[in-house]
Amino acid sequence: MCDSPRDSRASGAFERGRHEIRTGRRTLLTAGAAGIAISTATSGLPRAAAAASAGTRRRAYVLVLDGCRPDEISPTLMPRTSALRDGGLHHPRATSLPVMETIPSHVMMMSGVRPDRSGVPANSILDRTTGEVRDMDRPEDIRVRTIIERLNRNGLTTGTVLSKEYLYGIFGGRATHRWEPAPIVPVSGHAPDASTMEATLAMVEEHDPHLVFVNLGDIDRMGHSDLTGPLGVRAARQAALAATDLQVGRFVDLLKSSGRWQTSLLVVLADHSMDWSLPHQLIHLTPVLEADPLLAGHVTIADNGGADLLYWTGDPALLDAAVTRMRALTSAVPGVLAAHDPRVTPALRTGPLGGDVIVYARAGWRFSDPDQWSNPIPGNHGHPATMPIPFFLAGGHRRVPRGVTSSRRAATIDVAPTLADFFGVGAPRGGYDGRSRLP
Ligand SMILES: [Zn+2]
């Protein structure tokens, strides 16, 4: 799954130390054309003038409750998380941004920019250099500097504890301390939250990085596989919510018992929400496109659950005609919400890698392409129904408001600017697309 050239595959181990990371970065820089782009971005950015020094006691922790819906953080289902939210700065109108999938959302959090700038629009894309549909799980897929690298350049230390193999892959050796998810649950490709939190606590206690970025994957994985979801029972899902809430509680307890709470900022959010489809509410676009004389044999689909990305692979001179045809045909398919041309839909900002047409499912539906059995899982995201996310700031640092609800529309891209503001490390050339949520 991971193409990182420096991937040690040491089970569950931390990789430590500045030297090792610099070595890793050199390896990335020699990894091809995309790596050179990283190098250019790195050298072209000015250092922030008033950055926090390495001696600062300030700490920031980003906890991603993967696939958690805002309504699930309730005193009954998730008491610890709910209390954390109510004691901090809550953004009830927060959203994920297109495409509402795990990898692009985490990249938006750490880069603070939309996919047309970061280069990461979806989980699954057509790689036109190989003609293959693949996951965006390579370190060189991120084409901008993230807040992780920005902090490192300012002498601060960072850590990533990411439960999913493809997140471990795409964030690569960027952080000072990096945990490889283990043990991995077969099929799901993620580490259970208990293991992920164990690693988080150990990283904080042993290395105390200024920033730790954590992905807890259980809620999402139970959402995908929970067959009781559409029936309203959601038993497995609720068990996962309760279990993840315990892990959030363990983290808060460590911060308080170790004296870190007073100097800490927590950003707690989800990367996207979750929507459940009934078994018969399945959208299969391949036969629709293959039946058309212009499109047959010249369209590749990257299935992203609630969003299908359509790529024209025929004569480039026919692109406009093909886009018009793809939109017209797919819009008429039951379960399709809309078919967009990203070139004329500024809100998408998915960039050239995101496909020539983006087709969204309605709530309660999912895509299954290229085959009818390609996507058997009932829980999906990527479509507008899965945009609302929990998002709140917590922690005992004096800059974190207490018990405040904001009417502003926060989003995943606000995480990096919030962290940059907290540590005083500046913005990328062209500025952030998001904004700091600290008052
Ligand atoms: Zn996710």
# chains A, B, ... in the order shown; residues from 1 in each chain; ligands from 1

$ residues_near_ligand --ligand "ligand 1" --cutoff "7 Å" --atoms "only C-alpha atoms and all ligand atoms" --output "MDAnalysis selection string"
chainID A and resid 66:67 101:102 220 271:272

$ write_last_selection --atoms "C-alpha atoms" --output "mmCIF file, in the first residue's frame"
data_model
loop_
_atom_site.group_PDB
_atom_site.id
_atom_site.type_symbol
_atom_site.label_atom_id
_atom_site.label_comp_id
_atom_site.auth_asym_id
_atom_site.auth_seq_id
_atom_site.Cartn_x
_atom_site.Cartn_y
_atom_site.Cartn_z
ATOM 1 C CA ASP A 66 -12.863 9.530 11.024
ATOM 2 C CA GLY A 67 -16.350 9.530 9.531
ATOM 3 C CA GLU A 101 -13.157 11.446 1.262
ATOM 4 C CA THR A 102 -10.524 10.542 3.852
ATOM 5 C CA ASP A 220 -15.508 5.182 9.932
ATOM 6 C CA ASP A 271 -12.813 14.353 7.845
ATOM 7 C CA HIS A 272 -16.306 13.695 6.466
#

$ select_by_dssp --residues "stretch 278-343 of chain A" --states "alpha helix (DSSP H)" --output "PyMOL selection string"
chain A and resi 286-290+319-331

$ write_last_selection --atoms "C-alpha atoms" --output "PDB file, in the first residue's frame"
ATOM      1  CA  THR A 286     -20.342   1.957 -16.459  1.00  0.00           C
ATOM      2  CA  PRO A 287     -23.079   0.421 -18.666  1.00  0.00           C
ATOM      3  CA  VAL A 288     -24.675   3.831 -19.218  1.00  0.00           C
ATOM      4  CA  LEU A 289     -21.405   5.265 -20.533  1.00  0.00           C
ATOM      5  CA  GLU A 290     -20.461   2.153 -22.492  1.00  0.00           C
ATOM      6  CA  LEU A 319     -13.294  16.746 -24.412  1.00  0.00           C
ATOM      7  CA  ASP A 320     -16.031  19.379 -24.351  1.00  0.00           C
ATOM      8  CA  ALA A 321     -18.455  17.187 -26.287  1.00  0.00           C
ATOM      9  CA  ALA A 322     -17.618  14.226 -24.076  1.00  0.00           C
ATOM     10  CA  VAL A 323     -18.146  16.217 -20.867  1.00  0.00           C
ATOM     11  CA  THR A 324     -21.522  17.424 -22.114  1.00  0.00           C
ATOM     12  CA  ARG A 325     -22.524  13.848 -22.966  1.00  0.00           C
ATOM     13  CA  MET A 326     -21.253  12.395 -19.680  1.00  0.00           C
ATOM     14  CA  ARG A 327     -23.166  14.982 -17.683  1.00  0.00           C
ATOM     15  CA  ALA A 328     -26.389  14.513 -19.630  1.00  0.00           C
ATOM     16  CA  LEU A 329     -26.342  10.713 -19.442  1.00  0.00           C
ATOM     17  CA  THR A 330     -25.319  10.360 -15.798  1.00  0.00           C
ATOM     18  CA  SER A 331     -27.667  13.081 -14.534  1.00  0.00           C
TER      19      SER A 331
END

$ closest_atom_pairs --of "stretch 252-358 of chain A" --to "stretch 84-90 of chain A" --cutoff "10 Å" --atoms "only C-alpha atoms" --output "CSV"
residue,atom,partner,partner_atom,distance
A:Val252,CA,A:Leu84,CA,8.6
A:Leu265,CA,A:Gly88,CA,9.9
A:Leu266,CA,A:Gly88,CA,9.3
A:Val267,CA,A:Leu89,CA,9.6
A:Val268,CA,A:Arg85,CA,8.2

$ atom_distance --atom1 "atom CA of A:Pro334" --atom2 "atom CA of A:Thr300"
20.4 Å

$ select_by_dssp --residues "stretch 27-166 of chain A" --states "strand (DSSP E or B)" --output "number ranges by chain"
A: 59-65, 89-90, 95, 124-127, 132-135, 158-162, 164

$ write_last_selection --atoms "C-alpha atoms" --output "mmCIF file, in the first residue's frame"
data_model
loop_
_atom_site.group_PDB
_atom_site.id
_atom_site.type_symbol
_atom_site.label_atom_id
_atom_site.label_comp_id
_atom_site.auth_asym_id
_atom_site.auth_seq_id
_atom_site.Cartn_x
_atom_site.Cartn_y
_atom_site.Cartn_z
ATOM 1 C CA ARG A 59 1.214 22.065 22.325
ATOM 2 C CA ALA A 60 -1.425 21.328 19.688
ATOM 3 C CA TYR A 61 -3.225 18.071 19.044
ATOM 4 C CA VAL A 62 -5.495 17.366 16.092
ATOM 5 C CA LEU A 63 -7.817 14.427 16.708
ATOM 6 C CA VAL A 64 -9.709 13.224 13.643
ATOM 7 C CA LEU A 65 -12.746 11.086 14.464
ATOM 8 C CA LEU A 89 -15.306 26.601 20.903
ATOM 9 C CA HIS A 90 -17.924 24.665 18.944
ATOM 10 C CA THR A 95 -18.225 21.081 6.736
ATOM 11 C CA SER A 124 -9.102 7.195 -5.737
ATOM 12 C CA ILE A 125 -8.006 8.881 -8.980
ATOM 13 C CA LEU A 126 -7.008 8.003 -12.522
ATOM 14 C CA ASP A 127 -3.228 8.339 -12.695
ATOM 15 C CA GLU A 132 -4.350 3.038 -13.717
ATOM 16 C CA VAL A 133 -6.901 3.996 -11.086
ATOM 17 C CA ARG A 134 -5.069 4.173 -7.768
ATOM 18 C CA ASP A 135 -5.258 5.478 -4.197
ATOM 19 C CA THR A 158 5.778 17.074 15.037
ATOM 20 C CA GLY A 159 4.204 13.630 15.137
ATOM 21 C CA THR A 160 1.737 11.685 13.014
ATOM 22 C CA VAL A 161 -0.305 8.805 14.434
ATOM 23 C CA LEU A 162 -2.525 7.805 11.528
ATOM 24 C CA LYS A 164 -4.985 3.997 8.085
#

$ closest_residue --among "A:Ala339, A:Ala416, A:Leu254, A:Met100" --to "A:Ile389" --atoms "only C-alpha atoms"
A:Met100

$ closest_residue --among "A:Val415, A:Ile358, A:Met274, A:Ala242" --to "A:Tyr311" --atoms "only C-alpha atoms"
A:Ile358

$ closest_residue --among "A:Asn215, A:Gln372, A:Gly354, A:Gln262" --to "A:His397" --atoms "only C-alpha atoms"
A:Gln262

$ closest_residue --among "A:Ala427, A:Asp116, A:Pro352, A:Val99" --to "A:His383" --atoms "only C-alpha atoms"
A:Val99

$ residues_around --residues "A:Ile148" --least-positions-apart "2" --cutoff "7 Å" --atoms "only C-alpha atoms" --output "VMD selection string"
chain A and resid 146 150 to 152 158 174 to 175

$ closest_residue --among "A:Gly382, A:Gly217, A:Gly335, A:Gly259" --to "A:Ser273" --atoms "only C-alpha atoms"
A:Gly382

$ closest_residue --among "A:Leu97, A:Ala54, A:Val144, A:Leu282" --to "A:Arg117" --atoms "only C-alpha atoms"
A:Val144
